[in-house]
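Here is the file work.cif (mmCIF, C-alpha atoms).
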```cif
data_data
loop_
_atom_site.label_atom_id
_atom_site.label_comp_id
_atom_site.auth_asym_id
_atom_site.auth_seq_id
_atom_site.Cartn_x
_atom_site.Cartn_y
_atom_site.Cartn_z
CA MET A 1 25.21 -23.93 -7.08
CA SER A 2 27.35 -21.25 -5.43
CA GLY A 3 25.92 -18.99 -2.73
CA LYS A 4 26.19 -15.87 -4.88
CA LEU A 5 24.37 -17.52 -7.78
CA SER A 6 21.63 -18.71 -5.44
CA GLU A 7 21.27 -15.19 -4.03
CA VAL A 8 20.82 -13.67 -7.51
CA GLU A 9 18.26 -16.33 -8.39
CA GLY A 10 16.31 -15.49 -5.24
CA ARG A 11 16.34 -11.79 -6.08
CA ILE A 12 15.03 -12.54 -9.57
CA GLY A 13 12.07 -14.39 -8.02
CA THR A 14 11.37 -11.45 -5.71
CA VAL A 15 11.44 -8.98 -8.59
CA HIS A 16 9.00 -11.16 -10.55
CA GLN A 17 6.60 -11.06 -7.59
CA LEU A 18 6.96 -7.28 -7.34
CA GLU A 19 6.26 -6.98 -11.05
CA ALA A 20 3.01 -8.91 -10.60
CA VAL A 21 1.93 -6.61 -7.75
CA ILE A 22 2.70 -3.48 -9.78
CA THR A 23 0.75 -4.83 -12.75
CA ALA A 24 -2.26 -5.54 -10.52
CA MET A 25 -2.12 -2.05 -8.96
CA ARG A 26 -1.92 -0.44 -12.38
CA GLY A 27 -4.95 -2.41 -13.60
CA SER A 28 -6.95 -1.52 -10.50
CA ALA A 29 -6.11 2.19 -10.82
CA ALA A 30 -7.07 2.18 -14.50
CA ALA A 31 -10.43 0.52 -13.75
CA ARG A 32 -11.27 2.99 -10.96
CA SER A 33 -10.35 6.00 -13.08
CA ARG A 34 -12.49 4.72 -15.93
CA GLU A 35 -15.42 4.11 -13.58
CA ALA A 36 -15.15 7.62 -12.11
CA ARG A 37 -15.10 9.20 -15.56
CA GLY A 38 -18.24 7.27 -16.44
CA ARG A 39 -20.13 8.78 -13.48
CA LEU A 40 -19.44 12.41 -14.43
CA ASP A 41 -22.22 12.75 -17.02
CA GLY A 42 -24.89 11.84 -14.48
CA ILE A 43 -23.51 14.27 -11.89
CA ARG A 44 -23.37 17.10 -14.43
CA ALA A 45 -26.92 16.42 -15.59
CA TYR A 46 -28.08 16.65 -11.96
CA ALA A 47 -26.20 19.93 -11.49
CA ALA A 48 -27.71 21.30 -14.70
CA ALA A 49 -31.22 20.51 -13.43
CA ILE A 50 -30.54 22.33 -10.16
CA GLY A 51 -29.05 25.24 -12.09
CA HIS A 52 -32.18 25.54 -14.22
CA ALA A 53 -34.32 25.59 -11.07
CA ILE A 54 -32.12 28.35 -9.61
CA GLY A 55 -32.57 30.37 -12.79
CA GLU A 56 -36.34 30.14 -12.51
CA ALA A 57 -36.23 30.99 -8.80
CA VAL A 58 -34.04 34.05 -9.50
CA ALA A 59 -36.74 35.34 -11.84
CA LEU A 60 -39.21 35.14 -8.94
CA ALA A 61 -36.96 36.95 -6.45
CA PRO A 62 -38.02 40.51 -5.62
CA GLU A 63 -34.43 41.77 -5.42
CA PRO A 64 -31.56 41.29 -7.89
CA ASP A 65 -29.28 40.06 -5.13
CA PRO A 66 -31.17 37.29 -3.31
CA GLN A 67 -28.28 36.54 -0.96
CA PRO A 68 -28.38 38.91 2.04
CA ARG A 69 -25.09 40.56 2.88
CA LYS A 70 -23.93 40.48 6.47
CA SER A 71 -21.35 42.81 7.91
CA VAL A 72 -18.31 40.91 9.10
CA GLN A 73 -15.30 42.21 10.91
CA LEU A 74 -12.99 39.71 9.27
CA GLU A 75 -13.27 38.06 5.88
CA GLY A 76 -13.01 34.40 6.72
CA ARG A 77 -11.82 32.01 4.04
CA ILE A 78 -12.26 28.26 3.77
CA VAL A 79 -9.96 26.26 1.53
CA ILE A 80 -11.06 22.71 0.71
CA VAL A 81 -8.33 20.52 -0.74
CA LEU A 82 -9.00 17.11 -2.25
CA CYS A 83 -5.96 14.88 -1.86
CA ALA A 84 -5.14 11.19 -2.16
CA GLU A 85 -6.15 8.56 0.35
CA GLN A 86 -3.40 6.08 -0.57
CA GLY A 87 0.21 6.31 -1.63
CA PHE A 88 2.03 5.51 -4.88
CA ALA A 89 0.56 8.60 -6.59
CA GLY A 90 3.75 10.54 -7.25
CA THR A 91 3.60 14.24 -6.34
CA PHE A 92 -0.21 14.33 -6.37
CA ASN A 93 -0.65 15.63 -2.80
CA GLU A 94 2.29 18.01 -2.99
CA ARG A 95 0.92 19.74 -6.08
CA VAL A 96 -2.54 20.20 -4.57
CA LEU A 97 -1.15 21.59 -1.31
CA ASP A 98 1.22 23.91 -3.16
CA ALA A 99 -1.81 25.59 -4.72
CA ALA A 100 -3.64 25.69 -1.38
CA GLU A 101 -0.84 27.48 0.46
CA ASP A 102 -1.33 30.60 -1.65
CA HIS A 103 -4.89 30.90 -0.28
CA LEU A 104 -3.88 30.16 3.30
CA LYS A 105 -1.74 33.31 3.53
CA PHE A 106 -4.84 35.36 4.33
CA ALA A 107 -5.80 35.88 7.97
CA GLY A 108 -8.79 33.89 9.12
CA SER A 109 -8.26 31.06 6.62
CA GLU A 110 -9.22 27.50 7.52
CA LEU A 111 -8.01 24.37 5.76
CA LEU A 112 -10.34 21.42 5.15
CA VAL A 113 -8.49 18.35 3.90
CA VAL A 114 -9.91 15.26 2.21
CA GLY A 115 -7.54 12.30 1.99
CA ASP A 116 -5.41 10.80 4.74
CA ARG A 117 -2.20 10.99 2.71
CA GLY A 118 -2.85 14.64 1.99
CA ALA A 119 -3.50 15.33 5.68
CA MET A 120 -0.18 13.65 6.48
CA VAL A 121 1.70 15.83 3.99
CA ALA A 122 -0.10 18.95 5.25
CA GLY A 123 0.94 18.09 8.81
CA GLU A 124 4.55 17.68 7.71
CA ARG A 125 4.38 21.17 6.20
CA GLY A 126 3.10 22.60 9.46
CA LEU A 127 -0.32 23.49 8.05
CA ARG A 128 -3.14 23.70 10.56
CA ILE A 129 -6.09 21.47 9.56
CA GLY A 130 -9.55 22.53 10.71
CA TRP A 131 -11.36 19.43 9.45
CA SER A 132 -10.43 16.28 7.58
CA ALA A 133 -12.04 13.16 6.14
CA PRO A 134 -10.82 10.09 4.24
CA MET A 135 -10.95 10.13 0.46
CA VAL A 136 -13.22 7.61 -1.22
CA ALA A 137 -11.92 4.21 -2.30
CA HIS A 138 -14.73 3.59 -4.82
CA ALA A 139 -16.88 5.81 -7.00
CA ASP A 140 -20.05 4.68 -5.16
CA GLU A 141 -18.81 6.45 -2.02
CA VAL A 142 -18.62 9.90 -3.63
CA PRO A 143 -22.17 11.13 -2.76
CA LEU A 144 -21.69 10.31 0.93
CA LEU A 145 -18.33 12.12 1.08
CA ALA A 146 -19.74 15.15 -0.74
CA SER A 147 -22.58 15.25 1.79
CA ARG A 148 -20.07 15.20 4.68
CA ILE A 149 -18.10 18.05 3.12
CA THR A 150 -21.29 20.05 2.55
CA ASP A 151 -22.35 19.59 6.18
CA ALA A 152 -18.93 20.64 7.47
CA LEU A 153 -18.94 23.67 5.16
CA TYR A 154 -22.41 24.93 6.01
CA SER A 155 -21.88 24.47 9.74
CA ARG A 156 -19.07 27.02 9.36
CA LEU A 157 -21.09 29.30 7.11
CA ALA A 158 -23.77 29.50 9.80
CA THR A 159 -21.45 31.66 11.90
CA GLY A 160 -21.57 34.40 9.25
CA GLN A 161 -17.80 34.83 9.42
CA VAL A 162 -16.95 33.17 6.10
CA THR A 163 -17.01 35.14 2.86
CA HIS A 164 -14.94 33.01 0.49
CA VAL A 165 -14.83 29.24 -0.08
CA THR A 166 -12.43 27.70 -2.59
CA VAL A 167 -12.05 24.07 -3.64
CA ILE A 168 -8.67 22.93 -4.96
CA HIS A 169 -8.25 19.56 -6.63
CA ALA A 170 -6.62 17.72 -9.51
CA VAL A 171 -8.39 16.73 -12.71
CA PRO A 172 -7.60 13.96 -15.20
CA ALA A 173 -5.24 15.23 -17.87
CA PRO A 174 -4.02 13.58 -21.08
CA SER A 175 -0.44 14.61 -20.37
CA ALA A 176 1.83 13.06 -17.75
CA THR A 177 1.65 16.21 -15.59
CA ILE A 178 -0.89 16.74 -12.83
CA GLU A 179 -3.37 19.53 -13.62
CA ILE A 180 -4.66 21.47 -10.61
CA VAL A 181 -7.86 23.53 -10.75
CA GLU A 182 -9.48 25.95 -8.30
CA ARG A 183 -13.20 26.60 -8.05
CA ALA A 184 -14.86 29.30 -5.97
CA LEU A 185 -17.98 28.06 -4.19
CA LEU A 186 -18.60 31.33 -2.35
CA PRO A 187 -19.58 34.03 -2.95
CA PHE A 188 -22.30 32.15 -4.82
CA ASP A 189 -22.85 33.66 -8.26
CA PHE A 190 -26.58 33.57 -8.99
CA THR A 191 -26.20 35.57 -12.20
CA ARG A 192 -24.79 32.58 -14.10
CA PHE A 193 -28.22 30.91 -13.90
CA LYS A 194 -30.21 33.54 -15.78
CA VAL A 195 -33.19 31.88 -17.43
CA ALA A 196 -35.78 33.63 -19.57
CA PRO A 197 -39.11 33.61 -17.69
CA GLY A 198 -41.62 31.18 -19.11
CA ALA A 199 -45.24 31.79 -19.97
CA VAL A 200 -46.31 30.06 -16.78
CA ALA A 201 -44.51 30.83 -13.53
CA PRO A 202 -43.40 27.79 -11.53
CA LEU A 203 -45.50 26.87 -8.52
CA THR A 204 -43.57 27.37 -5.29
CA THR A 205 -44.41 26.79 -1.64
CA LEU A 206 -41.38 28.55 -0.13
CA PRO A 207 -40.35 32.19 0.06
CA ALA A 208 -37.99 33.12 -2.78
CA GLU A 209 -35.00 33.75 -0.51
CA GLN A 210 -35.38 30.43 1.32
CA LEU A 211 -35.93 28.60 -1.96
CA LEU A 212 -32.78 30.11 -3.46
CA ALA A 213 -30.74 29.37 -0.36
CA GLU A 214 -31.75 25.70 -0.38
CA LEU A 215 -31.22 25.38 -4.13
CA ALA A 216 -27.80 26.98 -3.77
CA GLU A 217 -26.85 24.48 -1.08
CA GLU A 218 -28.02 21.63 -3.32
CA TYR A 219 -25.99 23.03 -6.21
CA VAL A 220 -22.90 23.27 -4.00
CA TYR A 221 -23.43 19.62 -3.10
CA ALA A 222 -23.62 18.73 -6.81
CA GLU A 223 -20.42 20.69 -7.48
CA LEU A 224 -18.65 18.88 -4.67
CA CYS A 225 -19.79 15.53 -6.07
CA GLU A 226 -18.25 16.42 -9.43
CA GLU A 227 -15.03 17.71 -7.88
CA VAL A 228 -14.57 14.66 -5.65
CA MET A 229 -15.20 12.38 -8.64
CA LEU A 230 -12.70 14.29 -10.78
CA SER A 231 -10.11 14.19 -8.01
CA PHE A 232 -10.65 10.46 -7.51
CA ALA A 233 -10.16 9.85 -11.23
CA ALA A 234 -7.05 12.07 -11.29
CA GLU A 235 -5.58 10.29 -8.24
CA ASN A 236 -5.94 6.91 -9.88
CA GLU A 237 -4.49 8.18 -13.14
CA ALA A 238 -1.50 9.53 -11.21
CA ARG A 239 -1.13 6.14 -9.52
CA MET A 240 -1.41 4.40 -12.89
CA ARG A 241 1.41 6.54 -14.30
CA ALA A 242 3.50 5.89 -11.21
CA MET A 243 2.99 2.14 -11.65
CA ILE A 244 3.97 2.36 -15.33
CA ALA A 245 7.20 4.10 -14.32
CA ALA A 246 7.77 1.54 -11.55
CA ARG A 247 7.26 -1.32 -13.98
CA SER A 248 9.86 0.17 -16.31
CA ASN A 249 12.32 0.35 -13.43
CA VAL A 250 11.48 -3.21 -12.40
CA SER A 251 12.00 -4.47 -15.96
CA ARG A 252 15.36 -2.73 -16.12
CA LYS A 253 16.39 -4.22 -12.77
CA LEU A 254 15.19 -7.65 -13.88
CA ASP A 255 17.33 -7.44 -17.02
CA GLU A 256 20.35 -6.57 -14.88
CA LEU A 257 19.73 -9.49 -12.54
CA VAL A 258 19.21 -11.95 -15.40
CA GLY A 259 22.45 -10.72 -16.96
CA SER A 260 24.27 -11.18 -13.66
CA TYR A 261 22.78 -14.65 -13.26
CA ARG A 262 23.91 -15.72 -16.72
CA ARG A 263 27.39 -14.32 -16.18
CA LEU A 264 27.77 -16.04 -12.82
CA ARG A 265 26.39 -19.29 -14.23
CA GLN A 266 28.83 -19.11 -17.13
CA GLU A 267 31.71 -18.49 -14.73
CA GLU A 268 30.61 -21.47 -12.66
CA ILE A 269 30.39 -23.74 -15.71
CA THR A 270 33.77 -22.52 -16.94
CA GLY A 271 35.30 -23.26 -13.55
CA GLU A 272 33.82 -26.75 -13.55
CA ILE A 273 35.16 -27.42 -17.05
CA ILE A 274 38.66 -26.20 -16.10
CA GLU A 275 38.57 -28.35 -12.98
CA LEU A 276 37.48 -31.42 -14.96
CA CYS A 277 40.09 -30.80 -17.63
CA GLY A 278 42.79 -30.41 -14.98
CA GLY A 279 41.78 -33.70 -13.38
CA THR A 280 41.88 -35.52 -16.75
CA ILE A 281 45.38 -34.25 -17.57
CA THR A 282 46.70 -35.31 -14.16
CA ALA A 283 45.24 -38.77 -14.56
CA SER A 284 46.81 -39.13 -18.02
CA ASP A 285 50.27 -38.09 -16.75
CA THR A 286 50.04 -40.59 -13.90
CA ALA A 287 49.06 -43.42 -16.25
CA ARG A 288 51.95 -42.57 -18.61
CA ARG A 289 54.55 -42.58 -15.83
CA LYS A 290 53.60 -46.05 -14.60
CA PRO A 291 54.84 -47.95 -17.77
CA GLU A 292 58.08 -46.01 -17.72
CA ARG A 293 58.72 -46.96 -14.09
CA ASN A 294 57.92 -50.59 -14.73
CA SER A 295 60.25 -50.77 -17.73
CA GLY A 296 63.07 -49.29 -15.62
CA ILE A 297 62.59 -51.96 -12.99
CA ARG A 298 62.78 -54.78 -15.61
CA ALA A 299 66.02 -53.34 -17.09
CA THR A 300 67.66 -53.33 -13.68
CA ALA A 301 66.70 -56.91 -13.10
#
```
Do you think you could lay out the structure here as structure tokens?
Amino acid sequence: MSGKLSEVEGRIGTVHQLEAVITAMRGSAAARSREARGRLDGIRAYAAAIGHAIGEAVALAPEPDPQPRKSVQLEGRIVIVLCAEQGFAGTFNERVLDAAEDHLKFAGSELLVVGDRGAMVAGERGLRIGWSAPMVAHADEVPLLASRITDALYSRLATGQVTHVTVIHAVPAPSATIEIVERALLPFDFTRFKVAPGAVAPLTTLPAEQLLAELAEEYVYAELCEEVMLSFAAENEARMRAMIAARSNVSRKLDELVGSYRRLRQEEITGEIIELCGGTITASDTARRKPERNSGIRATA
């Protein structure tokens, strides 16, 4: 086998191995996205229960606006972006950060980034990151990450300098494009939880303002759980689409290599046949000349 033919055969084996890796990554991404989607109903039910409690607590509040307003010299803004932890997700991080940059134009804005890959892209863009954390690798890790984000957020809210908090993340979409959504966490809108007062008022052991503040924090935590889960599902769907595109490219490359291998093999076989045919003709000519030479020698004698 010629060296060139052996090289093509080796490349075909490498491409087959790459195809197996891509197939495994696509299957893993599909399973994780499906698992994340399955957890959303439970998270939303939990948020709905907290929302109902907020509605009942609002009815007990003495003032229509239970959240005290504090005078601030500068309207601080916090932008939380949920990006990818791993690569092979196409333009997932770029799309999320594109939406975040519009909010970071305001003075006093702080960027909180979830996902190491997203933090890397943000650093390349020259964005200043105030806080960062790794994105989850499994759906079971979402509550812990949401708790970390909530703690980081409320430690900044304690200064009284922050007036707006926005979360930017991707959501699973049926189309091949990445859909980016923005959700405002602050100012917290208590009016969306209006509940008609019941015949019996709920029994409470906390002042109305403190109760509402703690319920609001719990609701923010529930919202962050949902948003992290949606982003995790969207990241894996983006990776799944990237692997499908990669597999198409690999299949096309494999077809090219197989075609090259067959062509080179055919050329090698053709060369061997020509060489064998040339050797047979030479041997026949030599055998034919020997009787003629011998007959000439006998005539001379």
Residue with smallest distance to Val181 in chain A - pool A:Ala245, A:Gly87, A:Ala107, A:His169, counting all atoms listed in the file: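 Smallest separation from Val181 in chain A among the options: A:His169.
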Protein/DNA/RNA residues near (-0.5, 9.1, -16.7), cut 8 Å, all atoms listed in the file, as number ranges by chain: A: 173-177, 237-242
Output check: residues returned by the PyMOL selection byres ((chain A and resi 224) around 12), as a PyMOL selection string: chain A and resi 40+43-44+47+80-82+114+142-151+153+165-169+183-185+217-223+225-232
How would the residues just picked look written out with C-alpha atoms as a PDB file, keeping the file's coordinate frame?
```
ATOM      1  CA  LEU A  40     -19.440  12.410 -14.430  1.00  0.00           C
ATOM      2  CA  ILE A  43     -23.510  14.270 -11.890  1.00  0.00           C
ATOM      3  CA  ARG A  44     -23.370  17.100 -14.430  1.00  0.00           C
ATOM      4  CA  ALA A  47     -26.200  19.930 -11.490  1.00  0.00           C
ATOM      5  CA  ILE A  80     -11.060  22.710   0.710  1.00  0.00           C
ATOM      6  CA  VAL A  81      -8.330  20.520  -0.740  1.00  0.00           C
ATOM      7  CA  LEU A  82      -9.000  17.110  -2.250  1.00  0.00           C
ATOM      8  CA  VAL A 114      -9.910  15.260   2.210  1.00  0.00           C
ATOM      9  CA  VAL A 142     -18.620   9.900  -3.630  1.00  0.00           C
ATOM     10  CA  PRO A 143     -22.170  11.130  -2.760  1.00  0.00           C
ATOM     11  CA  LEU A 144     -21.690  10.310   0.930  1.00  0.00           C
ATOM     12  CA  LEU A 145     -18.330  12.120   1.080  1.00  0.00           C
ATOM     13  CA  ALA A 146     -19.740  15.150  -0.740  1.00  0.00           C
ATOM     14  CA  SER A 147     -22.580  15.250   1.790  1.00  0.00           C
ATOM     15  CA  ARG A 148     -20.070  15.200   4.680  1.00  0.00           C
ATOM     16  CA  ILE A 149     -18.100  18.050   3.120  1.00  0.00           C
ATOM     17  CA  THR A 150     -21.290  20.050   2.550  1.00  0.00           C
ATOM     18  CA  ASP A 151     -22.350  19.590   6.180  1.00  0.00           C
ATOM     19  CA  LEU A 153     -18.940  23.670   5.160  1.00  0.00           C
ATOM     20  CA  VAL A 165     -14.830  29.240  -0.080  1.00  0.00           C
ATOM     21  CA  THR A 166     -12.430  27.700  -2.590  1.00  0.00           C
ATOM     22  CA  VAL A 167     -12.050  24.070  -3.640  1.00  0.00           C
ATOM     23  CA  ILE A 168      -8.670  22.930  -4.960  1.00  0.00           C
ATOM     24  CA  HIS A 169      -8.250  19.560  -6.630  1.00  0.00           C
ATOM     25  CA  ARG A 183     -13.200  26.600  -8.050  1.00  0.00           C
ATOM     26  CA  ALA A 184     -14.860  29.300  -5.970  1.00  0.00           C
ATOM     27  CA  LEU A 185     -17.980  28.060  -4.190  1.00  0.00           C
ATOM     28  CA  GLU A 217     -26.850  24.480  -1.080  1.00  0.00           C
ATOM     29  CA  GLU A 218     -28.020  21.630  -3.320  1.00  0.00           C
ATOM     30  CA  TYR A 219     -25.990  23.030  -6.210  1.00  0.00           C
ATOM     31  CA  VAL A 220     -22.900  23.270  -4.000  1.00  0.00           C
ATOM     32  CA  TYR A 221     -23.430  19.620  -3.100  1.00  0.00           C
ATOM     33  CA  ALA A 222     -23.620  18.730  -6.810  1.00  0.00           C
ATOM     34  CA  GLU A 223     -20.420  20.690  -7.480  1.00  0.00           C
ATOM     35  CA  CYS A 225     -19.790  15.530  -6.070  1.00  0.00           C
ATOM     36  CA  GLU A 226     -18.250  16.420  -9.430  1.00  0.00           C
ATOM     37  CA  GLU A 227     -15.030  17.710  -7.880  1.00  0.00           C
ATOM     38  CA  VAL A 228     -14.570  14.660  -5.650  1.00  0.00           C
ATOM     39  CA  MET A 229     -15.200  12.380  -8.640  1.00  0.00           C
ATOM     40  CA  LEU A 230     -12.700  14.290 -10.780  1.00  0.00           C
ATOM     41  CA  SER A 231     -10.110  14.190  -8.010  1.00  0.00           C
ATOM     42  CA  PHE A 232     -10.650  10.460  -7.510  1.00  0.00           C
TER      43      PHE A 232
END
```
Resolved residues for the PyMOL selection byres ((chain A and resi 212) around 12) as a PyMOL selection string: chain A and resi 50-63+65-68+188-190+193+204+206-211+213-219
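Between CA of Thr163 in chain A and CA of Gly76 in chain A the separation is 5.6 Å.
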Separation of CA of Thr14 in chain A from CA of Glu267 in chain A in Å: 23.3 Å
Sphere at (25.1, -15.3, -11.0), radius 9 Å, counting only C-alpha atoms: residues as a list in words: Ser2, Lys4, Leu5, Ser6, Glu7, Val8, Glu9, Leu257, Val258, Gly259, Ser260, Tyr261, Arg262, Arg263, Leu264, Arg265, Gln266, Glu267 and Glu268 of chain A
One-decimal distance in Å that lies between CA of Ser132 in chain A and CA of Val113 in chain A: 4.6 Å
Result set of the PyMOL selection byres ((chain A and resi 84) around 7) on the coordinates above, as number ranges by chain: A: 83, 85-86, 93, 115-118, 135, 235
Nearest to Trp131 in chain A by atom-to-atom distance, counting only C-alpha atoms, from A:Val171, A:Asp41, A:Thr91, A:Ile78: A:Ile78
Non-local contacts of Glu19 in chain A (10 Å; all atoms listed in the file; under 6 positions in same chain excluded) as a list in words: Gly13, Met25, Met243, Ala246, Arg247, Ser248, Asn249, Val250, Ser251 and Leu254 of chain A
Which of A:Val136, A:Thr270, A:Tyr154, A:Val121 sits closest to Phe92 in chain A [using all atoms listed in the file]: A:Val121
Residue rebuild result range 102-115 of chain A, N, CA, C and O atoms as a PDB file, in the coordinates of the input:
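Okay, this is what ended up in part.pdb:
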```
ATOM      1  N   ASP A 102      -1.154  29.214  -1.218  1.00  0.00           N
ATOM      2  CA  ASP A 102      -1.330  30.600  -1.650  1.00  0.00           C
ATOM      3  C   ASP A 102      -2.601  31.208  -1.054  1.00  0.00           C
ATOM      4  O   ASP A 102      -2.642  32.408  -0.770  1.00  0.00           O
ATOM      5  N   HIS A 103      -3.628  30.398  -0.850  1.00  0.00           N
ATOM      6  CA  HIS A 103      -4.890  30.900  -0.280  1.00  0.00           C
ATOM      7  C   HIS A 103      -4.832  30.965   1.239  1.00  0.00           C
ATOM      8  O   HIS A 103      -5.609  31.707   1.845  1.00  0.00           O
ATOM      9  N   LEU A 104      -3.950  30.195   1.842  1.00  0.00           N
ATOM     10  CA  LEU A 104      -3.880  30.160   3.300  1.00  0.00           C
ATOM     11  C   LEU A 104      -3.063  31.299   3.888  1.00  0.00           C
ATOM     12  O   LEU A 104      -2.919  31.398   5.109  1.00  0.00           O
ATOM     13  N   LYS A 105      -2.527  32.171   3.039  1.00  0.00           N
ATOM     14  CA  LYS A 105      -1.740  33.310   3.530  1.00  0.00           C
ATOM     15  C   LYS A 105      -2.634  34.379   4.130  1.00  0.00           C
ATOM     16  O   LYS A 105      -2.156  35.227   4.880  1.00  0.00           O
ATOM     17  N   PHE A 106      -3.920  34.355   3.802  1.00  0.00           N
ATOM     18  CA  PHE A 106      -4.840  35.360   4.330  1.00  0.00           C
ATOM     19  C   PHE A 106      -5.203  35.037   5.775  1.00  0.00           C
ATOM     20  O   PHE A 106      -5.343  33.872   6.152  1.00  0.00           O
ATOM     21  N   ALA A 107      -5.392  36.073   6.573  1.00  0.00           N
ATOM     22  CA  ALA A 107      -5.800  35.880   7.970  1.00  0.00           C
ATOM     23  C   ALA A 107      -7.221  35.329   8.011  1.00  0.00           C
ATOM     24  O   ALA A 107      -8.067  35.683   7.191  1.00  0.00           O
ATOM     25  N   GLY A 108      -7.468  34.466   8.967  1.00  0.00           N
ATOM     26  CA  GLY A 108      -8.790  33.890   9.120  1.00  0.00           C
ATOM     27  C   GLY A 108      -9.091  32.758   8.160  1.00  0.00           C
ATOM     28  O   GLY A 108     -10.247  32.400   7.971  1.00  0.00           O
ATOM     29  N   SER A 109      -8.048  32.168   7.560  1.00  0.00           N
ATOM     30  CA  SER A 109      -8.260  31.060   6.620  1.00  0.00           C
ATOM     31  C   SER A 109      -8.287  29.744   7.388  1.00  0.00           C
ATOM     32  O   SER A 109      -7.562  29.554   8.362  1.00  0.00           O
ATOM     33  N   GLU A 110      -9.122  28.833   6.924  1.00  0.00           N
ATOM     34  CA  GLU A 110      -9.220  27.500   7.520  1.00  0.00           C
ATOM     35  C   GLU A 110      -9.067  26.453   6.430  1.00  0.00           C
ATOM     36  O   GLU A 110      -9.626  26.583   5.343  1.00  0.00           O
ATOM     37  N   LEU A 111      -8.305  25.426   6.734  1.00  0.00           N
ATOM     38  CA  LEU A 111      -8.010  24.370   5.760  1.00  0.00           C
ATOM     39  C   LEU A 111      -8.841  23.136   6.072  1.00  0.00           C
ATOM     40  O   LEU A 111      -8.801  22.607   7.179  1.00  0.00           O
ATOM     41  N   LEU A 112      -9.579  22.669   5.068  1.00  0.00           N
ATOM     42  CA  LEU A 112     -10.340  21.420   5.150  1.00  0.00           C
ATOM     43  C   LEU A 112      -9.696  20.432   4.182  1.00  0.00           C
ATOM     44  O   LEU A 112      -9.597  20.716   2.983  1.00  0.00           O
ATOM     45  N   VAL A 113      -9.249  19.298   4.698  1.00  0.00           N
ATOM     46  CA  VAL A 113      -8.490  18.350   3.900  1.00  0.00           C
ATOM     47  C   VAL A 113      -9.260  17.050   3.745  1.00  0.00           C
ATOM     48  O   VAL A 113      -9.761  16.485   4.720  1.00  0.00           O
ATOM     49  N   VAL A 114      -9.332  16.572   2.509  1.00  0.00           N
ATOM     50  CA  VAL A 114      -9.910  15.260   2.210  1.00  0.00           C
ATOM     51  C   VAL A 114      -8.776  14.375   1.716  1.00  0.00           C
ATOM     52  O   VAL A 114      -8.059  14.735   0.781  1.00  0.00           O
ATOM     53  N   GLY A 115      -8.623  13.214   2.359  1.00  0.00           N
ATOM     54  CA  GLY A 115      -7.540  12.300   1.990  1.00  0.00           C
ATOM     55  C   GLY A 115      -6.505  12.186   3.093  1.00  0.00           C
ATOM     56  O   GLY A 115      -5.882  13.185   3.454  1.00  0.00           O
TER      57      GLY A 115
END
```
